[in-house]
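Peer 1: Contents of input04.cif (mmCIF, N, CA and C atoms):
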data_run
#
loop_
_atom_site.label_atom_id
_atom_site.label_comp_id
_atom_site.auth_asym_id
_atom_site.auth_seq_id
_atom_site.Cartn_x
_atom_site.Cartn_y
_atom_site.Cartn_z
N MET A 1 7.87 -31.85 -26.60
CA MET A 1 8.73 -31.22 -25.60
C MET A 1 8.33 -29.76 -25.37
N LYS A 2 7.99 -29.07 -26.47
CA LYS A 2 7.58 -27.67 -26.34
C LYS A 2 6.29 -27.55 -25.54
N LYS A 3 5.37 -28.53 -25.73
CA LYS A 3 4.12 -28.51 -24.98
C LYS A 3 4.37 -28.69 -23.50
N LEU A 4 5.29 -29.58 -23.16
CA LEU A 4 5.61 -29.82 -21.75
C LEU A 4 6.20 -28.56 -21.12
N ALA A 5 7.11 -27.91 -21.83
CA ALA A 5 7.71 -26.68 -21.32
C ALA A 5 6.64 -25.60 -21.13
N LEU A 6 5.71 -25.48 -22.07
CA LEU A 6 4.63 -24.50 -21.97
C LEU A 6 3.74 -24.80 -20.78
N ILE A 7 3.43 -26.07 -20.57
CA ILE A 7 2.59 -26.46 -19.43
C ILE A 7 3.28 -26.12 -18.12
N VAL A 8 4.56 -26.41 -18.02
CA VAL A 8 5.32 -26.10 -16.80
C VAL A 8 5.33 -24.59 -16.56
N VAL A 9 5.55 -23.80 -17.57
CA VAL A 9 5.56 -22.34 -17.43
C VAL A 9 4.19 -21.85 -16.97
N LEU A 10 3.12 -22.36 -17.56
CA LEU A 10 1.77 -21.95 -17.18
C LEU A 10 1.45 -22.33 -15.73
N ILE A 11 1.89 -23.49 -15.31
CA ILE A 11 1.69 -23.92 -13.93
C ILE A 11 2.44 -22.98 -12.98
N LEU A 12 3.68 -22.66 -13.30
CA LEU A 12 4.47 -21.76 -12.45
C LEU A 12 3.85 -20.38 -12.37
N ILE A 13 3.35 -19.87 -13.49
CA ILE A 13 2.69 -18.56 -13.49
C ILE A 13 1.44 -18.62 -12.61
N GLY A 14 0.67 -19.68 -12.74
CA GLY A 14 -0.53 -19.84 -11.91
C GLY A 14 -0.20 -19.90 -10.44
N MET A 15 0.85 -20.62 -10.08
CA MET A 15 1.27 -20.70 -8.69
C MET A 15 1.71 -19.34 -8.17
N TYR A 16 2.44 -18.58 -8.99
CA TYR A 16 2.90 -17.25 -8.59
C TYR A 16 1.72 -16.32 -8.36
N LEU A 17 0.76 -16.30 -9.28
CA LEU A 17 -0.41 -15.43 -9.14
C LEU A 17 -1.26 -15.83 -7.95
N ASN A 18 -1.39 -17.10 -7.70
CA ASN A 18 -2.15 -17.57 -6.54
C ASN A 18 -1.45 -17.17 -5.26
N ALA A 19 -0.13 -17.26 -5.22
CA ALA A 19 0.63 -16.87 -4.02
C ALA A 19 0.45 -15.38 -3.76
N GLN A 20 0.41 -14.57 -4.82
CA GLN A 20 0.21 -13.14 -4.64
C GLN A 20 -1.14 -12.87 -3.98
N GLU A 21 -2.19 -13.51 -4.48
CA GLU A 21 -3.52 -13.29 -3.94
C GLU A 21 -3.58 -13.74 -2.49
N GLU A 22 -3.02 -14.89 -2.18
CA GLU A 22 -3.06 -15.40 -0.81
C GLU A 22 -2.26 -14.50 0.12
N ASN A 23 -1.08 -14.09 -0.27
CA ASN A 23 -0.25 -13.24 0.57
C ASN A 23 -0.97 -11.93 0.85
N CYS A 24 -1.53 -11.34 -0.17
CA CYS A 24 -2.22 -10.06 -0.04
C CYS A 24 -3.46 -10.21 0.84
N ALA A 25 -4.19 -11.29 0.68
CA ALA A 25 -5.42 -11.50 1.44
C ALA A 25 -5.14 -11.76 2.91
N GLN A 26 -3.92 -12.19 3.23
CA GLN A 26 -3.59 -12.53 4.62
C GLN A 26 -3.16 -11.32 5.45
N ILE A 27 -3.11 -10.16 4.86
CA ILE A 27 -2.65 -8.99 5.60
C ILE A 27 -3.65 -8.66 6.72
N SER A 28 -3.14 -8.48 7.91
CA SER A 28 -4.02 -8.19 9.04
C SER A 28 -4.26 -6.68 9.13
N GLN A 29 -5.24 -6.34 9.90
CA GLN A 29 -5.52 -4.92 10.14
C GLN A 29 -5.75 -4.75 11.63
N GLY A 30 -5.74 -3.53 12.11
CA GLY A 30 -5.84 -3.30 13.54
C GLY A 30 -4.49 -3.51 14.20
N TRP A 31 -3.47 -2.89 13.64
CA TRP A 31 -2.10 -3.06 14.13
C TRP A 31 -1.91 -2.36 15.47
N ASN A 32 -0.84 -2.73 16.18
CA ASN A 32 -0.51 -2.11 17.46
C ASN A 32 0.18 -0.77 17.29
N SER A 33 0.80 -0.55 16.13
CA SER A 33 1.48 0.73 15.89
C SER A 33 1.52 1.00 14.40
N GLU A 34 1.76 2.25 14.08
CA GLU A 34 1.90 2.62 12.67
C GLU A 34 3.12 1.94 12.06
N GLU A 35 4.17 1.77 12.85
CA GLU A 35 5.38 1.09 12.38
C GLU A 35 5.08 -0.36 12.01
N ASP A 36 4.26 -1.05 12.83
CA ASP A 36 3.88 -2.43 12.53
C ASP A 36 3.10 -2.52 11.22
N ALA A 37 2.18 -1.58 11.03
CA ALA A 37 1.37 -1.55 9.81
C ALA A 37 2.25 -1.34 8.59
N ILE A 38 3.15 -0.37 8.66
CA ILE A 38 4.04 -0.07 7.54
C ILE A 38 4.92 -1.27 7.21
N GLU A 39 5.48 -1.89 8.24
CA GLU A 39 6.35 -3.05 8.02
C GLU A 39 5.60 -4.19 7.35
N GLN A 40 4.38 -4.48 7.82
CA GLN A 40 3.63 -5.59 7.23
C GLN A 40 3.25 -5.29 5.79
N VAL A 41 2.81 -4.08 5.51
CA VAL A 41 2.43 -3.72 4.14
C VAL A 41 3.65 -3.82 3.22
N GLN A 42 4.78 -3.28 3.65
CA GLN A 42 5.98 -3.29 2.81
C GLN A 42 6.53 -4.70 2.59
N ASN A 43 6.19 -5.64 3.46
CA ASN A 43 6.68 -7.01 3.33
C ASN A 43 5.64 -7.97 2.75
N THR A 44 4.58 -7.44 2.20
CA THR A 44 3.52 -8.24 1.61
C THR A 44 3.55 -8.09 0.09
N ILE A 45 3.23 -9.15 -0.61
CA ILE A 45 3.16 -9.10 -2.08
C ILE A 45 1.78 -8.60 -2.48
N PHE A 46 1.73 -7.56 -3.32
CA PHE A 46 0.48 -6.98 -3.78
C PHE A 46 0.38 -7.10 -5.29
N LYS A 47 -0.85 -7.08 -5.77
CA LYS A 47 -1.09 -7.08 -7.21
C LYS A 47 -0.52 -5.80 -7.83
N THR A 48 -0.70 -4.69 -7.12
CA THR A 48 -0.23 -3.39 -7.61
C THR A 48 0.67 -2.74 -6.57
N HIS A 49 1.81 -2.23 -7.02
CA HIS A 49 2.69 -1.42 -6.19
C HIS A 49 3.28 -0.33 -7.08
N GLU A 50 2.92 0.91 -6.77
CA GLU A 50 3.43 2.05 -7.53
C GLU A 50 4.14 3.01 -6.58
N THR A 51 5.09 3.75 -7.11
CA THR A 51 5.88 4.69 -6.31
C THR A 51 6.02 6.01 -7.05
N ILE A 52 5.97 7.10 -6.29
CA ILE A 52 6.30 8.42 -6.87
C ILE A 52 7.37 9.08 -6.00
N LEU A 53 8.19 9.91 -6.65
CA LEU A 53 9.24 10.67 -5.98
C LEU A 53 9.04 12.16 -6.29
N PRO A 54 8.17 12.83 -5.51
CA PRO A 54 7.91 14.25 -5.79
C PRO A 54 9.17 15.08 -5.62
N LYS A 55 9.30 16.12 -6.45
CA LYS A 55 10.49 16.97 -6.39
C LYS A 55 10.25 18.27 -5.62
N ASP A 56 9.01 18.70 -5.52
CA ASP A 56 8.72 20.02 -4.94
C ASP A 56 7.88 19.91 -3.68
N SER A 57 8.21 18.98 -2.80
CA SER A 57 7.32 18.69 -1.70
C SER A 57 8.10 18.22 -0.48
N TRP A 58 7.49 18.32 0.70
CA TRP A 58 8.08 17.71 1.88
C TRP A 58 7.95 16.19 1.80
N VAL A 59 7.06 15.72 0.93
CA VAL A 59 6.92 14.28 0.70
C VAL A 59 8.11 13.84 -0.14
N LYS A 60 8.91 12.95 0.41
CA LYS A 60 10.10 12.47 -0.31
C LYS A 60 9.79 11.28 -1.22
N ILE A 61 8.88 10.42 -0.75
CA ILE A 61 8.48 9.25 -1.55
C ILE A 61 7.10 8.83 -1.08
N ALA A 62 6.31 8.34 -2.02
CA ALA A 62 4.97 7.83 -1.69
C ALA A 62 4.75 6.53 -2.46
N HIS A 63 4.08 5.59 -1.80
CA HIS A 63 3.82 4.27 -2.39
C HIS A 63 2.33 3.99 -2.34
N PHE A 64 1.86 3.25 -3.33
CA PHE A 64 0.49 2.74 -3.35
C PHE A 64 0.56 1.23 -3.49
N TYR A 65 -0.07 0.50 -2.56
CA TYR A 65 -0.11 -0.96 -2.56
C TYR A 65 -1.57 -1.39 -2.62
N SER A 66 -1.91 -2.27 -3.55
CA SER A 66 -3.30 -2.70 -3.69
C SER A 66 -3.41 -4.18 -4.03
N CYS A 67 -4.38 -4.85 -3.39
CA CYS A 67 -4.68 -6.26 -3.69
C CYS A 67 -5.60 -6.36 -4.90
N ASP A 68 -6.53 -5.42 -5.04
CA ASP A 68 -7.57 -5.53 -6.07
C ASP A 68 -7.47 -4.46 -7.16
N ASP A 69 -6.48 -3.60 -7.08
CA ASP A 69 -6.27 -2.53 -8.05
C ASP A 69 -7.39 -1.48 -8.02
N GLU A 70 -8.17 -1.46 -6.94
CA GLU A 70 -9.22 -0.45 -6.78
C GLU A 70 -8.99 0.39 -5.52
N TYR A 71 -8.67 -0.28 -4.41
CA TYR A 71 -8.40 0.39 -3.14
C TYR A 71 -7.09 -0.15 -2.60
N GLY A 72 -6.40 0.67 -1.79
CA GLY A 72 -5.15 0.17 -1.27
C GLY A 72 -4.59 1.01 -0.15
N PHE A 73 -3.36 0.71 0.18
CA PHE A 73 -2.61 1.42 1.20
C PHE A 73 -1.75 2.49 0.52
N VAL A 74 -1.67 3.66 1.13
CA VAL A 74 -0.74 4.69 0.69
C VAL A 74 0.23 4.92 1.84
N ILE A 75 1.51 4.82 1.55
CA ILE A 75 2.55 5.11 2.53
C ILE A 75 3.31 6.33 2.03
N VAL A 76 3.34 7.36 2.87
CA VAL A 76 3.99 8.63 2.53
C VAL A 76 5.14 8.84 3.50
N GLN A 77 6.32 9.14 2.94
CA GLN A 77 7.50 9.32 3.76
C GLN A 77 8.08 10.71 3.56
N SER A 78 8.37 11.37 4.69
CA SER A 78 9.09 12.65 4.65
C SER A 78 10.52 12.38 5.12
N THR A 79 11.27 13.42 5.37
CA THR A 79 12.65 13.21 5.82
C THR A 79 12.71 12.60 7.21
N ASP A 80 11.68 12.84 8.05
CA ASP A 80 11.78 12.36 9.42
C ASP A 80 10.63 11.49 9.91
N THR A 81 9.62 11.25 9.09
CA THR A 81 8.51 10.40 9.53
C THR A 81 7.82 9.73 8.35
N THR A 82 7.06 8.69 8.66
CA THR A 82 6.34 7.94 7.64
C THR A 82 4.91 7.74 8.11
N PHE A 83 3.96 7.89 7.19
CA PHE A 83 2.54 7.75 7.48
C PHE A 83 1.94 6.67 6.59
N ILE A 84 0.93 5.97 7.11
CA ILE A 84 0.24 4.95 6.33
C ILE A 84 -1.26 5.24 6.36
N HIS A 85 -1.90 5.02 5.23
CA HIS A 85 -3.34 5.22 5.08
C HIS A 85 -3.90 4.01 4.36
N GLN A 86 -5.11 3.58 4.73
CA GLN A 86 -5.69 2.41 4.09
C GLN A 86 -7.03 2.73 3.47
N ASN A 87 -7.44 1.84 2.56
CA ASN A 87 -8.70 1.98 1.81
C ASN A 87 -8.71 3.23 0.94
N VAL A 88 -7.56 3.61 0.44
CA VAL A 88 -7.46 4.76 -0.45
C VAL A 88 -7.82 4.30 -1.87
N PRO A 89 -8.83 4.95 -2.49
CA PRO A 89 -9.18 4.56 -3.86
C PRO A 89 -8.03 4.83 -4.82
N LYS A 90 -7.89 3.96 -5.81
CA LYS A 90 -6.83 4.16 -6.80
C LYS A 90 -7.01 5.48 -7.54
N THR A 91 -8.25 5.95 -7.67
CA THR A 91 -8.49 7.24 -8.33
C THR A 91 -7.87 8.39 -7.52
N VAL A 92 -7.88 8.28 -6.20
CA VAL A 92 -7.24 9.30 -5.36
C VAL A 92 -5.73 9.23 -5.53
N TRP A 93 -5.18 8.01 -5.57
CA TRP A 93 -3.75 7.84 -5.82
C TRP A 93 -3.36 8.45 -7.17
N ALA A 94 -4.17 8.18 -8.20
CA ALA A 94 -3.88 8.71 -9.54
C ALA A 94 -3.88 10.24 -9.52
N ALA A 95 -4.81 10.83 -8.78
CA ALA A 95 -4.86 12.29 -8.67
C ALA A 95 -3.65 12.83 -7.91
N LEU A 96 -3.21 12.10 -6.88
CA LEU A 96 -2.01 12.50 -6.13
C LEU A 96 -0.80 12.54 -7.06
N LYS A 97 -0.68 11.53 -7.91
CA LYS A 97 0.46 11.47 -8.84
C LYS A 97 0.47 12.65 -9.80
N GLU A 98 -0.69 13.17 -10.14
CA GLU A 98 -0.79 14.27 -11.11
C GLU A 98 -0.87 15.65 -10.46
N ALA A 99 -0.93 15.71 -9.14
CA ALA A 99 -1.12 16.98 -8.45
C ALA A 99 0.08 17.91 -8.63
N ARG A 100 -0.22 19.20 -8.75
CA ARG A 100 0.86 20.21 -8.79
C ARG A 100 1.65 20.20 -7.49
N SER A 101 0.92 20.11 -6.39
CA SER A 101 1.54 20.06 -5.08
C SER A 101 1.16 18.74 -4.41
N VAL A 102 2.09 17.80 -4.38
CA VAL A 102 1.82 16.50 -3.77
C VAL A 102 1.51 16.67 -2.29
N SER A 103 2.28 17.49 -1.60
CA SER A 103 2.04 17.68 -0.16
C SER A 103 0.70 18.35 0.09
N GLY A 104 0.34 19.33 -0.72
CA GLY A 104 -0.96 19.99 -0.57
C GLY A 104 -2.11 19.02 -0.82
N PHE A 105 -2.01 18.24 -1.87
CA PHE A 105 -3.03 17.24 -2.18
C PHE A 105 -3.13 16.23 -1.04
N TYR A 106 -2.00 15.74 -0.58
CA TYR A 106 -1.97 14.78 0.52
C TYR A 106 -2.66 15.36 1.75
N ASN A 107 -2.29 16.58 2.14
CA ASN A 107 -2.86 17.19 3.34
C ASN A 107 -4.36 17.38 3.23
N PHE A 108 -4.86 17.73 2.04
CA PHE A 108 -6.27 18.05 1.88
C PHE A 108 -7.13 16.82 1.58
N TYR A 109 -6.63 15.88 0.79
CA TYR A 109 -7.47 14.78 0.30
C TYR A 109 -7.18 13.40 0.90
N ILE A 110 -6.08 13.26 1.62
CA ILE A 110 -5.74 11.93 2.14
C ILE A 110 -5.53 11.93 3.66
N LYS A 111 -4.76 12.86 4.16
CA LYS A 111 -4.24 12.84 5.53
C LYS A 111 -5.28 12.50 6.60
N ASN A 112 -6.36 13.23 6.70
CA ASN A 112 -7.34 13.00 7.75
C ASN A 112 -8.59 12.25 7.27
N ILE A 113 -8.55 11.74 6.04
CA ILE A 113 -9.71 11.06 5.49
C ILE A 113 -9.52 9.54 5.52
N TYR A 114 -8.36 9.07 5.10
CA TYR A 114 -8.09 7.63 5.02
C TYR A 114 -7.11 7.26 6.12
N LYS A 115 -7.65 6.80 7.24
CA LYS A 115 -6.81 6.49 8.39
C LYS A 115 -6.57 4.98 8.51
N SER A 116 -5.47 4.64 9.13
CA SER A 116 -5.15 3.24 9.40
C SER A 116 -5.84 2.81 10.68
N GLU A 117 -6.09 1.52 10.79
CA GLU A 117 -6.71 0.97 11.99
C GLU A 117 -5.62 0.58 12.99
N ILE A 118 -5.17 1.57 13.74
CA ILE A 118 -4.14 1.34 14.75
C ILE A 118 -4.84 1.22 16.11
N LYS A 119 -4.56 0.14 16.83
CA LYS A 119 -5.16 -0.05 18.15
C LYS A 119 -4.63 1.00 19.10
N ASN A 120 -5.48 1.47 19.98
CA ASN A 120 -5.06 2.41 21.01
C ASN A 120 -4.53 1.58 22.18
N THR A 121 -3.20 1.50 22.27
CA THR A 121 -2.57 0.68 23.31
C THR A 121 -2.46 1.43 24.63
N ASN A 122 -2.86 2.71 24.68
CA ASN A 122 -2.78 3.48 25.91
C ASN A 122 -4.03 3.30 26.77
N THR A 123 -5.09 2.72 26.22
CA THR A 123 -6.33 2.54 26.96
C THR A 123 -6.31 1.19 27.65
N PRO A 124 -6.50 1.18 28.97
CA PRO A 124 -6.50 -0.12 29.68
C PRO A 124 -7.74 -0.94 29.30
N GLU A 125 -7.54 -2.25 29.19
CA GLU A 125 -8.67 -3.14 28.88
C GLU A 125 -9.43 -3.42 30.17
N LEU A 126 -10.74 -3.49 30.07
CA LEU A 126 -11.58 -3.78 31.24
C LEU A 126 -11.98 -5.23 31.29
#
Produce structure tokens that represent the structure in this file.

Peer 2:
Amino acid sequence: MKKLALIVVLILIGMYLNAQEENCAQISQGWNSEEDAIEQVQNTIFKTHETILPKDSWVKIAHFYSCDDEYGFVIVQSTDTTFIHQNVPKTVWAALKEARSVSGFYNFYIKNIYKSEIKNTNTPEL
């Protein structure tokens, strides 16, 4: 009976881990808006999801989401807006977590370097 219970538990764990990989792998890119990108990332299951709550910054909360634990999405939220960045190395995220100034680090090392693939919907298609 114990063997059967162990087998069932192992099967369920395997199914859960497989579902995580499939869900994460199905995330699309080239969104129509930053809001669409943020919503899809926040509603996807990732292998890694970490959060920081800086105390001395305009950044109120920041999240790191990763499928492979090497590169991922960083979502940074202030009091009035939210930004998303993709293909951010986990080493950059780790440095952000340790930075004296989270907002300064974000502005210098992430903001204009790791951009999301948002389609330009203002350009007419030919």

Peer 1: Provide the atom CA of Cys67 of chain A to atom CA of Lys90 of chain A distance in Å, to one decimal place.

Peer 2: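 Going from atom CA of Cys67 of chain A over to atom CA of Lys90 of chain A covers 11.1 Å.
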
Peer 1: What does the distance from atom C of Pro54 of chain A to atom CA of His85 of chain A come to in Å, to one decimal?

Peer 2: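 It comes out at 19.2 Å.
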
Peer 1: Just the residues within 7 Å of segment 102-116 of chain A, please, counting only N, CA and C atoms, with nothing from its chain fewer than 3 positions along; format it as JSON, numbers by chain.

Peer 2: {"A": [30, 31, 54, 56, 57, 58, 59, 84, 85, 86, 87, 88, 96, 97, 99, 119]}

Peer 1: So how far away is atom CA of Phe64 of chain A from atom CA of Thr48 of chain A, in Å?

Peer 2: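 Atom-to-atom, atom CA of Thr48 of chain A and atom CA of Phe64 of chain A are spaced 7.5 Å apart.
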
Peer 1: Determine the nearest neighbour of Asp68 of chain A from the options A:Met1, A:Ile45, A:Ala94, A:Ile118, counting only C-alpha atoms.

Peer 2: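 Checking each candidate against Asp68 of chain A, we get A:Ile45 as the closest.
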
Peer 1: Expanded to explicit residues, what is the PyMOL selection byres (((chain A and resi 36 and name CA) around 12) and name CA) for this file, as a PyMOL selection string?

Peer 2: chain A and resi 27-35+37-43+82-84+116-119

Peer 1: Identify, with DSSP run on backbone atoms, the residues in segment 36-72 of chain A assigned to strand (DSSP E), and express the list as a PyMOL selection string.

Peer 2: chain A and resi 48-52+61-66+71-72

Peer 1: Pull the helix (DSSP H, G or I) assignments for segment 40-100 of chain A out of DSSP run on the backbone, and list those residues as a list of chain:residue names.

Peer 2: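 Checking each residue of segment 40-100 of chain A, the helix (DSSP H, G or I) ones are A:Gln40, A:Val41, A:Gln42, A:Lys90, A:Thr91, A:Val92, A:Trp93, A:Ala94, A:Ala95, A:Leu96, A:Lys97, A:Glu98.
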
Peer 1: Considering only C-alpha atoms, state which residue in the set A:Ala62, A:Lys55, A:Val76, A:Thr44 is at the smallest distance from Arg100 of chain A.

Peer 2: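 Among the listed residues, A:Lys55 lies closest to Arg100 of chain A.
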